[in-house]
$ cat upload_4.cif   # mmCIF, C-alpha atoms and all ligand atoms
data_input
#
loop_
_atom_site.label_atom_id
_atom_site.label_comp_id
_atom_site.auth_asym_id
_atom_site.auth_seq_id
_atom_site.Cartn_x
_atom_site.Cartn_y
_atom_site.Cartn_z
CA MET A 286 -18.44 -18.46 1.49
CA ILE A 287 -21.61 -19.50 -0.34
CA TYR A 288 -22.20 -18.50 -3.97
CA LYS A 289 -25.50 -20.29 -4.62
CA LYS A 290 -27.41 -17.27 -5.91
CA SER A 291 -24.61 -16.32 -8.32
CA GLU A 292 -24.55 -19.90 -9.57
CA ASP A 293 -28.32 -19.99 -10.14
CA LEU A 294 -28.37 -16.58 -11.79
CA PHE A 295 -25.56 -17.62 -14.09
CA ASP A 296 -27.52 -20.71 -15.17
CA THR A 297 -30.37 -18.47 -16.30
CA ALA A 298 -28.13 -15.70 -17.62
CA LYS A 299 -26.19 -17.96 -19.97
CA LYS A 300 -29.45 -18.99 -21.67
CA LEU A 301 -30.17 -15.34 -22.47
CA ILE A 302 -26.83 -13.55 -22.69
CA PRO A 303 -23.82 -14.88 -24.65
CA GLY A 304 -21.60 -16.49 -22.02
CA GLY A 305 -23.91 -15.03 -19.36
CA VAL A 306 -22.02 -11.70 -19.38
CA ASN A 307 -22.35 -8.36 -21.13
CA SER A 308 -18.58 -7.91 -21.36
CA PRO A 309 -16.24 -10.90 -21.69
CA VAL A 310 -13.76 -9.75 -19.01
CA ARG A 311 -16.48 -10.29 -16.37
CA TYR A 312 -16.56 -14.04 -16.87
CA PHE A 313 -14.45 -16.43 -14.85
CA GLU A 314 -14.68 -20.14 -14.09
CA PRO A 315 -16.90 -21.74 -13.02
CA TYR A 316 -19.27 -18.74 -12.98
CA PRO A 317 -18.88 -15.04 -12.21
CA LEU A 318 -20.15 -13.31 -9.09
CA PHE A 319 -23.39 -11.41 -9.48
CA ILE A 320 -22.96 -8.14 -7.63
CA LYS A 321 -25.90 -6.42 -6.02
CA LYS A 322 -24.50 -3.38 -4.29
CA SER A 323 -21.39 -1.24 -3.99
CA GLN A 324 -20.25 1.44 -1.57
CA ASN A 325 -16.84 3.08 -1.05
CA SER A 326 -14.24 0.31 -1.46
CA TYR A 327 -16.69 -2.60 -1.19
CA LEU A 328 -18.87 -4.85 -3.32
CA TRP A 329 -21.61 -7.17 -2.08
CA ASP A 330 -22.75 -10.14 -4.15
CA GLU A 331 -26.26 -11.63 -4.38
CA ASP A 332 -25.40 -14.14 -1.64
CA GLY A 333 -24.43 -11.31 0.71
CA ASN A 334 -20.65 -11.85 0.56
CA LYS A 335 -18.60 -8.69 0.94
CA TYR A 336 -15.44 -7.96 -1.07
CA ILE A 337 -12.76 -5.30 -0.96
CA ASP A 338 -12.80 -4.14 -4.57
CA PHE A 339 -9.49 -3.75 -6.42
CA CYS A 340 -11.02 -4.02 -9.87
CA ASN A 341 -12.77 -0.72 -9.35
CA CYS A 342 -14.58 -1.09 -12.65
CA TYR A 343 -11.24 -1.43 -14.44
CA GLY A 344 -9.97 1.73 -12.83
CA ALA A 345 -13.03 3.92 -13.39
CA MET A 346 -13.87 4.36 -9.69
CA LEU A 347 -10.88 6.50 -8.71
CA LEU A 348 -12.87 8.07 -5.88
CA GLY A 349 -14.54 4.81 -4.85
CA HIS A 350 -18.09 3.52 -5.34
CA SER A 351 -21.08 5.84 -4.95
CA TYR A 352 -18.99 8.88 -4.03
CA LYS A 353 -21.43 11.09 -2.10
CA LYS A 354 -20.84 14.41 -3.82
CA ILE A 355 -21.24 12.84 -7.27
CA MET A 356 -24.34 10.86 -6.29
CA SER A 357 -26.15 13.84 -4.81
CA ALA A 358 -25.32 16.04 -7.83
CA VAL A 359 -26.69 13.35 -10.16
CA VAL A 360 -29.85 12.83 -8.09
CA ASN A 361 -30.42 16.57 -8.21
CA GLN A 362 -29.87 16.66 -11.99
CA ILE A 363 -32.37 13.83 -12.53
CA LYS A 364 -35.07 16.14 -11.16
CA HIS A 365 -34.31 18.58 -13.97
CA GLY A 366 -34.26 16.04 -16.79
CA THR A 367 -32.04 13.26 -18.06
CA LEU A 368 -31.65 13.94 -21.80
CA PHE A 369 -32.29 17.03 -23.93
CA CYS A 370 -30.32 16.43 -27.16
CA THR A 371 -29.58 20.14 -27.31
CA PRO A 372 -26.46 21.99 -26.14
CA THR A 373 -26.33 22.59 -22.38
CA LYS A 374 -24.46 24.89 -20.02
CA LEU A 375 -23.19 21.74 -18.28
CA GLU A 376 -21.23 20.70 -21.38
CA VAL A 377 -19.50 24.07 -21.47
CA THR A 378 -18.57 23.78 -17.80
CA LEU A 379 -17.24 20.25 -18.27
CA SER A 380 -15.20 21.16 -21.36
CA GLN A 381 -13.58 24.04 -19.45
CA LEU A 382 -12.73 21.69 -16.58
CA ILE A 383 -11.26 19.09 -18.93
CA GLN A 384 -9.18 21.73 -20.70
CA THR A 385 -7.86 23.18 -17.43
CA ASN A 386 -6.52 19.73 -16.53
CA PHE A 387 -5.49 18.75 -20.08
CA PRO A 388 -4.30 21.95 -21.79
CA SER A 389 -3.45 19.97 -24.98
CA MET A 390 -7.20 19.41 -25.49
CA LYS A 391 -7.90 22.69 -27.30
CA LYS A 392 -11.25 21.41 -28.48
CA ILE A 393 -13.21 18.57 -26.98
CA ARG A 394 -16.02 16.36 -28.18
CA LEU A 395 -17.91 14.31 -25.62
CA VAL A 396 -19.04 10.76 -26.34
CA ASN A 397 -20.36 7.93 -24.16
CA THR A 398 -17.51 5.44 -23.77
CA GLY A 399 -13.79 4.97 -24.27
CA THR A 400 -14.48 2.78 -27.30
CA GLU A 401 -16.54 5.49 -28.93
CA ALA A 402 -13.85 8.06 -28.16
CA THR A 403 -10.99 6.10 -29.78
CA MET A 404 -13.26 5.28 -32.72
CA THR A 405 -13.95 8.97 -33.19
CA ALA A 406 -10.24 9.82 -32.91
CA ILE A 407 -9.30 7.22 -35.53
CA ARG A 408 -11.99 8.38 -37.93
CA LEU A 409 -10.85 11.93 -37.32
CA VAL A 410 -7.16 11.37 -38.12
CA LYS A 411 -8.13 9.44 -41.23
CA GLY A 412 -10.17 12.40 -42.38
CA TYR A 413 -7.46 14.87 -41.37
CA THR A 414 -4.60 13.09 -43.14
CA SER A 415 -6.57 11.41 -45.96
CA ASN A 416 -4.59 8.28 -45.06
CA LYS A 417 -6.18 5.00 -44.08
CA ARG A 418 -3.89 2.96 -41.82
CA ILE A 419 -3.47 3.13 -38.08
CA ILE A 420 -0.44 2.01 -36.07
CA LYS A 421 -1.03 0.56 -32.61
CA CYS A 422 1.12 -1.23 -30.06
CA GLU A 423 0.75 -4.90 -29.22
CA GLY A 424 -1.06 -5.32 -25.91
CA CYS A 425 -2.66 -1.88 -25.88
CA TYR A 426 -6.44 -1.96 -25.65
CA HIS A 427 -8.46 0.79 -27.27
CA GLY A 428 -11.97 -0.67 -27.31
CA SER A 429 -13.78 -3.40 -29.19
CA TYR A 430 -14.07 -2.82 -32.94
CA ASP A 431 -12.17 -3.94 -36.01
CA GLU A 432 -9.33 -1.46 -36.31
CA VAL A 433 -8.07 -1.79 -32.76
CA LEU A 434 -8.88 -5.46 -32.12
CA THR A 435 -5.64 -6.77 -33.44
CA GLY A 436 -2.73 -7.41 -31.11
CA SER A 437 -5.01 -6.14 -28.37
CA GLY A 438 -4.61 -6.47 -24.61
CA SER A 439 -7.28 -6.88 -21.92
CA GLY A 440 -9.82 -9.71 -22.44
CA PHE A 441 -8.77 -10.07 -26.10
CA ALA A 442 -5.39 -11.42 -24.95
CA ASN A 443 -7.31 -14.38 -23.48
CA THR A 444 -9.36 -15.26 -26.54
CA HIS A 445 -6.76 -17.06 -28.68
CA LYS A 446 -8.24 -20.40 -27.68
CA HIS A 447 -11.52 -19.79 -29.48
CA LYS A 448 -12.00 -21.62 -32.77
CA ARG A 449 -13.52 -18.78 -34.73
CA SER A 450 -10.92 -16.21 -35.68
CA ASN A 451 -10.81 -13.20 -33.45
CA ASN A 452 -8.67 -11.22 -35.88
CA ILE A 453 -11.17 -9.69 -38.23
CA LYS A 454 -9.28 -8.37 -41.23
CA ASN A 455 -8.20 -4.79 -41.00
CA ASP A 456 -5.44 -2.46 -42.13
CA THR A 457 -3.94 -1.79 -38.73
CA ILE A 458 -0.19 -2.15 -38.25
CA VAL A 459 0.86 -3.57 -34.90
CA VAL A 460 4.26 -2.72 -33.40
CA GLN A 461 5.78 -3.72 -30.09
CA TYR A 462 5.38 -1.42 -27.13
CA ASN A 463 8.72 -0.06 -25.87
CA ASN A 464 10.43 -0.76 -29.20
CA ILE A 465 11.32 2.53 -30.87
CA ASP A 466 13.36 0.98 -33.71
CA GLU A 467 10.41 -1.07 -34.92
CA LEU A 468 8.24 2.05 -34.90
CA GLU A 469 10.83 4.01 -36.85
CA ASN A 470 11.16 1.27 -39.48
CA THR A 471 7.39 1.09 -39.82
CA LEU A 472 7.15 4.83 -40.34
CA LYS A 473 9.97 4.70 -42.90
CA LYS A 474 8.34 1.91 -44.88
CA ASN A 475 4.74 3.14 -44.96
CA THR A 476 3.41 6.32 -46.47
CA ASP A 477 -0.28 5.79 -45.83
CA ILE A 478 -0.34 6.20 -42.03
CA ALA A 479 -3.23 8.20 -40.56
CA GLY A 480 -2.06 8.10 -36.97
CA LEU A 481 -0.47 6.27 -34.06
CA ILE A 482 -2.65 5.35 -31.10
CA ILE A 483 -0.97 4.32 -27.84
CA GLU A 484 -1.59 3.91 -24.13
CA PRO A 485 1.25 6.05 -22.73
CA ILE A 486 1.42 3.64 -19.79
CA LEU A 487 0.22 0.21 -20.89
CA ALA A 488 -2.51 -0.78 -18.45
CA ASN A 489 -4.25 -3.57 -20.35
CA MET A 490 -1.55 -6.27 -20.11
CA GLY A 491 -1.25 -5.83 -16.41
CA VAL A 492 0.73 -2.62 -15.97
CA ILE A 493 3.71 -2.00 -18.23
CA PRO A 494 5.53 1.31 -17.80
CA PRO A 495 7.16 3.01 -20.78
CA ALA A 496 10.94 2.58 -20.97
CA LYS A 497 12.94 5.68 -20.16
CA LYS A 498 12.69 8.18 -23.04
CA TYR A 499 10.38 5.85 -25.06
CA LEU A 500 7.42 8.23 -25.09
CA LYS A 501 9.64 11.20 -25.86
CA GLN A 502 11.05 9.31 -28.84
CA VAL A 503 7.53 8.32 -29.94
CA ARG A 504 6.54 11.99 -29.85
CA LYS A 505 9.63 13.03 -31.79
CA LEU A 506 9.23 10.35 -34.48
CA THR A 507 5.54 11.01 -35.04
CA HIS A 508 6.37 14.69 -35.22
CA ASP A 509 9.19 14.15 -37.73
CA TYR A 510 6.99 11.94 -39.91
CA ASN A 511 4.02 14.25 -39.49
CA ILE A 512 1.78 11.50 -38.06
CA PRO A 513 -0.92 12.49 -35.54
CA LEU A 514 -0.15 10.96 -32.14
CA ILE A 515 -3.16 9.81 -30.12
CA PHE A 516 -2.66 9.26 -26.39
CA ASP A 517 -5.33 6.90 -25.12
CA GLU A 518 -5.53 8.11 -21.51
CA VAL A 519 -8.75 6.23 -20.68
CA VAL A 520 -6.94 4.59 -17.75
CA THR A 521 -4.15 7.06 -17.03
CA GLY A 522 -6.25 10.23 -17.33
CA PHE A 523 -6.89 11.53 -13.79
CA ARG A 524 -5.12 8.46 -12.33
CA VAL A 525 -1.38 9.03 -12.70
CA SER A 526 -2.02 12.77 -12.25
CA GLU A 527 -4.92 15.15 -12.73
CA GLY A 528 -3.44 15.89 -16.16
CA GLY A 529 -2.79 12.24 -17.00
CA ALA A 530 0.43 10.70 -18.32
CA GLN A 531 1.05 13.63 -20.67
CA LYS A 532 1.48 15.87 -17.67
CA ILE A 533 3.95 13.66 -15.81
CA PHE A 534 6.02 13.02 -18.94
CA GLY A 535 5.74 16.62 -20.15
CA LEU A 536 4.50 15.63 -23.62
CA VAL A 537 1.87 17.12 -25.91
CA PRO A 538 -0.03 14.56 -28.01
CA ASP A 539 -2.11 15.68 -30.99
CA LEU A 540 -5.21 13.97 -29.63
CA THR A 541 -6.15 12.69 -26.19
CA ILE A 542 -8.80 10.14 -25.25
CA LEU A 543 -10.49 10.17 -21.86
CA GLY A 544 -13.07 7.78 -20.38
CA LYS A 545 -13.42 5.62 -17.27
CA ILE A 546 -12.44 7.97 -14.39
CA LEU A 547 -13.94 10.96 -16.21
CA GLY A 548 -17.41 9.86 -15.03
CA ASN A 549 -16.38 7.96 -11.87
CA GLY A 550 -19.05 5.34 -12.57
CA PHE A 551 -21.16 7.07 -15.22
CA ALA A 552 -20.82 6.41 -18.94
CA ILE A 553 -18.81 9.14 -20.62
CA GLY A 554 -15.81 9.52 -22.90
CA ALA A 555 -14.05 12.42 -24.56
CA VAL A 556 -11.77 13.06 -27.50
CA GLY A 557 -9.88 16.31 -27.71
CA GLY A 558 -6.74 17.91 -29.03
CA LYS A 559 -5.41 20.24 -31.70
CA ASN A 560 -7.85 22.75 -33.15
CA GLU A 561 -7.00 21.95 -36.75
CA ILE A 562 -7.75 18.26 -36.22
CA LEU A 563 -10.90 18.65 -34.10
CA GLU A 564 -12.26 21.20 -36.56
CA CYS A 565 -12.51 18.43 -39.15
CA LEU A 566 -15.52 17.13 -37.21
CA SER A 567 -19.06 17.91 -38.40
CA PRO A 568 -20.68 20.44 -38.41
CA LEU A 569 -17.42 22.39 -38.98
CA GLY A 570 -15.69 19.83 -41.18
CA ASN A 571 -16.73 16.81 -43.18
CA VAL A 572 -15.73 14.03 -40.77
CA TYR A 573 -19.16 12.97 -39.61
CA GLN A 574 -19.63 11.80 -36.03
CA ALA A 575 -22.81 11.91 -33.98
CA SER A 576 -24.49 10.44 -30.92
CA THR A 577 -27.92 10.71 -29.27
CA PHE A 578 -26.61 10.35 -25.73
CA ALA A 579 -23.37 12.34 -26.06
CA GLY A 580 -23.13 15.12 -23.50
CA ASN A 581 -26.22 13.91 -21.65
CA PRO A 582 -26.76 15.93 -18.47
CA ILE A 583 -26.48 12.93 -16.14
CA SER A 584 -23.04 11.75 -17.25
CA VAL A 585 -21.84 15.32 -17.66
CA THR A 586 -22.95 16.22 -14.12
CA ALA A 587 -21.10 13.16 -12.81
CA ALA A 588 -17.97 14.17 -14.75
CA ILE A 589 -18.09 17.79 -13.57
CA ASN A 590 -18.29 16.66 -9.96
CA SER A 591 -15.59 13.99 -10.45
CA ILE A 592 -13.11 16.52 -11.81
CA LYS A 593 -14.01 19.16 -9.23
CA THR A 594 -13.47 16.62 -6.45
CA ILE A 595 -10.19 15.39 -7.95
CA ASN A 596 -8.93 18.98 -8.29
CA LYS A 597 -10.01 19.90 -4.79
CA LEU A 598 -8.40 16.84 -3.20
CA LYS A 599 -5.41 16.92 -5.53
CA HIS A 600 -2.37 16.46 -3.30
CA LYS A 601 -4.21 14.50 -0.64
CA LEU A 602 -5.76 12.22 -3.26
CA TYR A 603 -2.62 11.24 -5.16
CA SER A 604 -0.37 10.98 -2.11
CA ARG A 605 -2.84 8.61 -0.44
CA LEU A 606 -3.46 6.49 -3.55
CA ASN A 607 0.26 6.13 -4.17
CA LYS A 608 1.12 5.51 -0.53
CA TYR A 609 -1.38 2.66 -0.21
CA CYS A 610 -0.33 1.15 -3.52
CA THR A 611 3.36 1.24 -2.56
CA LYS A 612 2.55 -0.37 0.79
CA LEU A 613 0.56 -3.16 -0.86
CA VAL A 614 3.04 -3.79 -3.68
CA THR A 615 6.05 -3.83 -1.32
CA ALA A 616 4.32 -6.32 0.96
CA ILE A 617 3.26 -8.63 -1.89
CA ASP A 618 6.75 -8.49 -3.39
CA ASP A 619 8.32 -9.36 0.00
CA ILE A 620 5.92 -12.26 0.61
CA ALA A 621 6.50 -13.73 -2.87
CA THR A 622 10.27 -13.31 -2.50
CA ASP A 623 10.26 -14.97 0.94
CA LEU A 624 8.32 -17.89 -0.52
CA ASN A 625 10.80 -18.16 -3.41
CA ILE A 626 8.07 -17.68 -6.00
CA GLN A 627 9.40 -16.48 -9.34
CA HIS A 628 7.60 -13.25 -10.03
CA GLN A 629 7.65 -9.68 -11.30
CA ILE A 630 5.62 -6.84 -9.92
CA ASN A 631 5.00 -3.81 -12.10
CA ASN A 632 3.65 -0.68 -10.45
CA VAL A 633 2.91 2.81 -11.69
CA SER A 634 1.31 5.24 -9.24
CA SER A 635 -1.91 3.56 -8.00
CA MET A 636 -1.96 0.55 -10.32
CA TYR A 637 0.00 -2.68 -10.24
CA GLN A 638 0.09 -6.30 -11.33
CA ILE A 639 2.04 -9.41 -10.37
CA PHE A 640 3.33 -11.77 -13.08
CA PHE A 641 4.62 -15.27 -12.39
CA THR A 642 7.67 -15.24 -14.65
CA LYS A 643 11.40 -14.72 -14.26
CA ILE A 644 11.51 -12.34 -17.23
CA PRO A 645 10.94 -8.61 -16.64
CA VAL A 646 7.60 -7.64 -18.20
CA THR A 647 8.18 -4.82 -20.68
CA ASN A 648 5.85 -5.68 -23.58
CA TYR A 649 3.19 -8.13 -24.82
CA GLN A 650 5.65 -10.99 -25.46
CA THR A 651 7.25 -10.87 -22.03
CA CYS A 652 3.86 -10.50 -20.37
CA LYS A 653 2.73 -13.67 -22.14
CA THR A 654 5.52 -15.66 -20.41
CA SER A 655 3.62 -15.33 -17.13
CA ASP A 656 2.11 -18.51 -15.71
CA VAL A 657 -1.62 -17.76 -15.96
CA LYS A 658 -2.53 -20.96 -14.07
CA LYS A 659 -0.80 -19.51 -11.02
CA PHE A 660 -2.61 -16.24 -11.58
CA LYS A 661 -5.96 -18.07 -11.63
CA LYS A 662 -5.13 -19.72 -8.32
CA LEU A 663 -4.22 -16.32 -6.91
CA PHE A 664 -7.50 -14.83 -8.10
CA VAL A 665 -9.63 -17.65 -6.67
CA SER A 666 -7.87 -17.59 -3.31
CA LEU A 667 -8.13 -13.81 -3.05
CA PHE A 668 -11.84 -13.72 -3.71
CA SER A 669 -12.55 -16.57 -1.30
CA ASN A 670 -10.76 -14.33 1.23
CA GLY A 671 -12.97 -11.37 0.33
CA VAL A 672 -10.64 -9.52 -2.04
CA PHE A 673 -11.83 -8.93 -5.60
CA ILE A 674 -9.26 -8.19 -8.32
CA PRO A 675 -9.86 -8.30 -12.09
CA PRO A 676 -10.17 -12.01 -12.96
CA SER A 677 -7.42 -11.91 -15.61
CA GLN A 678 -3.65 -11.65 -15.65
CA PHE A 679 -3.95 -9.17 -18.50
CA GLU A 680 -5.55 -6.39 -16.47
CA SER A 681 -4.29 -3.89 -13.91
CA ILE A 682 -5.25 -3.76 -10.25
CA PHE A 683 -6.43 -0.37 -9.04
CA ILE A 684 -6.38 1.43 -5.68
CA SER A 685 -9.19 3.92 -5.03
CA TYR A 686 -9.50 6.87 -2.69
CA ALA A 687 -12.07 4.84 -0.72
CA HIS A 688 -9.57 2.15 0.31
CA THR A 689 -8.66 2.33 3.98
CA ASN A 690 -5.48 1.31 5.74
CA ASN A 691 -7.47 -1.58 7.18
CA ASP A 692 -8.49 -2.70 3.66
CA ILE A 693 -4.84 -2.70 2.63
CA ASN A 694 -3.79 -4.75 5.69
CA LYS A 695 -6.56 -7.31 5.08
CA THR A 696 -5.52 -7.52 1.44
CA ILE A 697 -1.89 -8.15 2.37
CA ASP A 698 -3.07 -11.06 4.55
CA ALA A 699 -5.19 -12.40 1.68
CA TYR A 700 -2.20 -12.25 -0.71
CA SER A 701 -0.10 -14.00 1.91
CA ASN A 702 -2.58 -16.90 2.03
CA ALA A 703 -2.94 -17.00 -1.73
CA LEU A 704 0.79 -17.00 -2.43
CA LYS A 705 1.29 -19.87 0.03
CA ILE A 706 -1.26 -21.86 -1.98
CA ILE A 707 0.61 -21.09 -5.20
CA LYS A 708 3.85 -22.21 -3.59
CA ASN A 709 2.38 -25.64 -2.79
C1 LIG B 801 -11.35 0.56 -21.13
C2 LIG B 801 -10.50 1.15 -22.17
C3 LIG B 801 -11.04 1.61 -23.39
C4 LIG B 801 -12.47 1.37 -23.76
O1 LIG B 801 -13.35 2.06 -22.95
P1 LIG B 801 -14.88 1.54 -22.82
O2 LIG B 801 -15.54 2.60 -22.00
O3 LIG B 801 -14.84 0.21 -22.20
O4 LIG B 801 -15.43 1.49 -24.22
C5 LIG B 801 -10.21 2.26 -24.28
N1 LIG B 801 -8.92 2.46 -23.99
C6 LIG B 801 -8.35 2.04 -22.86
C7 LIG B 801 -6.92 2.32 -22.59
C8 LIG B 801 -9.12 1.35 -21.91
O5 LIG B 801 -8.54 0.87 -20.79
#

$ encode --input "upload_4.cif" --output "structure tokens"
Amino acid sequence: MIYKKSEDLFDTAKKLIPGGVNSPVRYFEPYPLFIKKSQNSYLWDEDGNKYIDFCNCYGAMLLGHSYKKIMSAVVNQIKHGTLFCTPTKLEVTLSQLIQTNFPSMKKIRLVNTGTEATMTAIRLVKGYTSNKRIIKCEGCYHGSYDEVLTGSGSGFANTHKHKRSNNIKNDTIVVQYNNIDELENTLKKNTDIAGLIIEPILANMGVIPPAKKYLKQVRKLTHDYNIPLIFDEVVTGFRVSEGGAQKIFGLVPDLTILGKILGNGFAIGAVGGKNEILECLSPLGNVYQASTFAGNPISVTAAINSIKTINKLKHKLYSRLNKYCTKLVTAIDDIATDLNIQHQINNVSSMYQIFFTKIPVTNYQTCKTSDVKKFKKLFVSLFSNGVFIPPSQFESIFISYAHTNNDINKTIDAYSNALKIIKN
């Protein structure tokens, strides 16, 4: 394949944009692909190369790229206006749809991104409790600002090599994921905790499932210590079920964060939960939070149609996503085993990741034992065979409803080639 146009564009881009990218996870060596078009399960770059997409905008495109029903609803909405900065009927409709799927979200405030949603949640629990410190788990990613960029997963897990410190001072306490004793000790020792924020299924260090009973114990402890529990379901919301991880584990968090899939390709986020916490927000309470673009009719229309589609497809959607993911994961696991490559594969519903380590990956530390050089080789080989996965070990790989059986078969072949290269 030829990547000349991407190379040339990157040369210009890096003179204008730090590192040539508007989000660090998009960069890879020697230069990232510049994508021109997407449809269903495919991406096309500026040089005309076609890829089967398993990044799916870090999981956002559950239904696939440019899903027809969403696109036509948005095009229709554009004719009626793109931004009013007043309340709209659309926001009421969307909030009802969110609440039907996530009954724990008694009140909902819409924002524009996942980052903005977690930021709002953290500000909110600080106001609610009058405490100042947040607890988070190592490897969980909650966006890019001070309080949550410590012990973070996703692209942050790659940035240790930079000279300038990437740990800007903050008050956040970091505990290990899947370690309930450490959490309990932390809660015992500290009296100034405003809340605990967690990805119920860790999807930003590859995929790491919660240990049996871990989430239940987290819920019980936070309850006993009277600490608001925030489930960041930006990835898991609408992916592991239409009601997210809280539905499959039967747990009720105090606050829930949604993003990514909520808009299936349009910028939107949401924070919702207990009435008494959400009512601290202005104009009801004195926790101020505001946004010009929040609840804009374009993103809200996209979200309404995403949820309606997800709810309509329901059984068909999740059974197909999970079936294809199981098929792919089983095949990759078999190929790697046959080749005697030391590896782990973690898989939850329609997301997975392979790690080149002999140690089971259950938290940040064990994830970091993976041989990232092998992962880089895997990534390069896959994309030269027309399969695009997130360019980092510390991300999850996502199946979408647009993937076909043929896509999965081609991808298995591409993994087979790539793993043979790793072996040699
Ligand atoms: C992507 C992500 C975010 C941040 O969302 P943005 O829309 O990128 O700001 C927050 N939490 C989790 C779990 C995420 O995966």

$ closest_residue --input "upload_4.cif" --among "A:Asn470, A:Thr541, A:Asn475, A:Ser439" --to "Ala402 of chain A" --atoms "all atoms listed in the file"
A:Thr541

$ residues_near_ligand --input "upload_4.cif" --ligand "ligand LIG 801 (chain B)" --cutoff "8 Å" --atoms "all atoms listed in the file" --output "PyMOL selection string"
chain A and resi 343+397-403+425-429+439+484+487-489+517-521+542+544-545+552-554

$ atom_distance --input "upload_4.cif" --atom1 "atom CA of Lys364 of chain A" --atom2 "atom CA of Asn581 of chain A"
13.9 Å

$ atom_distance --input "upload_4.cif" --atom1 "atom CA of Val460 of chain A" --atom2 "atom CA of Lys421 of chain A"
6.3 Å

$ atom_distance --input "upload_4.cif" --atom1 "atom CA of Thr457 of chain A" --atom2 "atom CA of Arg311 of chain A"
27.0 Å

$ closest_residue --input "upload_4.cif" --among "A:Val556, A:Ile337, A:Ile478, A:Met490" --to "Gly436 of chain A" --atoms "only C-alpha atoms"
A:Met490

$ residues_around --input "upload_4.cif" --residues "Pro675 of chain A" --least-positions-apart "6" --cutoff "9 Å" --atoms "all atoms listed in the file" --output "short mmCIF file (atom, residue, chain, number, x, y, z; two decimals) with C-alpha atoms, keeping the file's coordinate frame"
data_model
loop_
_atom_site.label_atom_id
_atom_site.label_comp_id
_atom_site.auth_asym_id
_atom_site.auth_seq_id
_atom_site.Cartn_x
_atom_site.Cartn_y
_atom_site.Cartn_z
CA VAL A 310 -13.76 -9.75 -19.01
CA ARG A 311 -16.48 -10.29 -16.37
CA PHE A 339 -9.49 -3.75 -6.42
CA CYS A 340 -11.02 -4.02 -9.87
CA ASN A 341 -12.77 -0.72 -9.35
CA CYS A 342 -14.58 -1.09 -12.65
CA TYR A 343 -11.24 -1.43 -14.44
CA PHE A 664 -7.50 -14.83 -8.10
CA SER A 681 -4.29 -3.89 -13.91
CA ILE A 682 -5.25 -3.76 -10.25
#

$ residues_around --input "upload_4.cif" --residues "Asp656 of chain A" --least-positions-apart "4" --cutoff "12 Å" --atoms "all atoms listed in the file" --output "list in words"
Ile626, Gln627, His628, Gln629, Ile639, Phe640, Phe641, Thr642, Lys643, Ile644, Thr651, Cys652, Phe660, Lys661, Lys662, Leu663, Ser677, Gln678, Phe679 and Ile707 of chain A

$ residues_around --input "upload_4.cif" --residues "Gly522 of chain A" --least-positions-apart "6" --cutoff "8 Å" --atoms "all atoms listed in the file" --output "list of chain:residue names"
A:Gly528, A:Gly529, A:Ala530, A:Leu543, A:Gly544, A:Ile546, A:Leu547

$ closest_residue --input "upload_4.cif" --among "A:Gly412, A:Asn670, A:Pro676, A:Gly349" --to "Tyr312 of chain A" --atoms "all atoms listed in the file"
A:Pro676

$ closest_residue --input "upload_4.cif" --among "A:Met356, A:Leu540, A:Ile684, A:Met636" --to "Thr586 of chain A" --atoms "all atoms listed in the file"
A:Met356

$ closest_residue --input "upload_4.cif" --among "A:Ser357, A:Thr405, A:Thr476, A:Thr507" --to "Ile562 of chain A" --atoms "all atoms listed in the file"
A:Thr405

$ closest_atom_pairs --input "upload_4.cif" --of "segment 544-632 of chain A" --to "segment 368-389 of chain A" --cutoff "12 Å" --atoms "all atoms listed in the file" --output "CSV"
residue,atom,partner,partner_atom,distance
A:Gly544,CA,A:Ile383,CA,11.5
A:Leu547,CA,A:Ile383,CA,9.0
A:Gly548,CA,A:Leu379,CA,10.9
A:Ile553,CA,A:Leu379,CA,11.5
A:Gly554,CA,A:Ile383,CA,11.3
A:Ala555,CA,A:Ile383,CA,9.2
A:Val556,CA,A:Ile383,CA,10.5
A:Gly557,CA,A:Ser389,CA,7.9
A:Gly558,CA,A:Ser389,CA,5.6
A:Lys559,CA,A:Ser389,CA,7.0
A:Asn560,CA,A:Ser389,CA,9.7
A:Leu563,CA,A:Ser389,CA,11.8
A:Ala575,CA,A:Cys370,CA,11.1
A:Ser576,CA,A:Cys370,CA,9.2
A:Thr577,CA,A:Cys370,CA,6.6
A:Phe578,CA,A:Cys370,CA,7.3
A:Ala579,CA,A:Cys370,CA,8.1
A:Gly580,CA,A:Glu376,CA,6.3
A:Asn581,CA,A:Leu368,CA,5.4
A:Pro582,CA,A:Leu368,CA,6.2
A:Ile583,CA,A:Leu368,CA,7.7
A:Ser584,CA,A:Leu368,CA,10.0
A:Val585,CA,A:Glu376,CA,6.6
A:Thr586,CA,A:Leu375,CA,6.9
A:Ala587,CA,A:Leu379,CA,9.7
A:Ala588,CA,A:Leu379,CA,7.1
A:Ile589,CA,A:Leu379,CA,5.4
A:Asn590,CA,A:Leu379,CA,9.1
A:Ser591,CA,A:Leu379,CA,10.2
A:Ile592,CA,A:Leu382,CA,7.0
A:Lys593,CA,A:Leu382,CA,7.9
A:Thr594,CA,A:Leu382,CA,11.4
A:Ile595,CA,A:Asn386,CA,10.3
A:Asn596,CA,A:Asn386,CA,8.6
A:Lys599,CA,A:Asn386,CA,11.4

$ residues_near_point --input "upload_4.cif" --point "(-2.1, 8.5, -42.1)" --cutoff "6 Å" --atoms "only C-alpha atoms" --output "VMD selection string"
chain A and resid 414 416 to 418 477 to 480

$ closest_residue --input "upload_4.cif" --among "A:Ser604, A:Phe673, A:His688, A:Val614" --to "Trp329 of chain A" --atoms "all atoms listed in the file"
A:Phe673
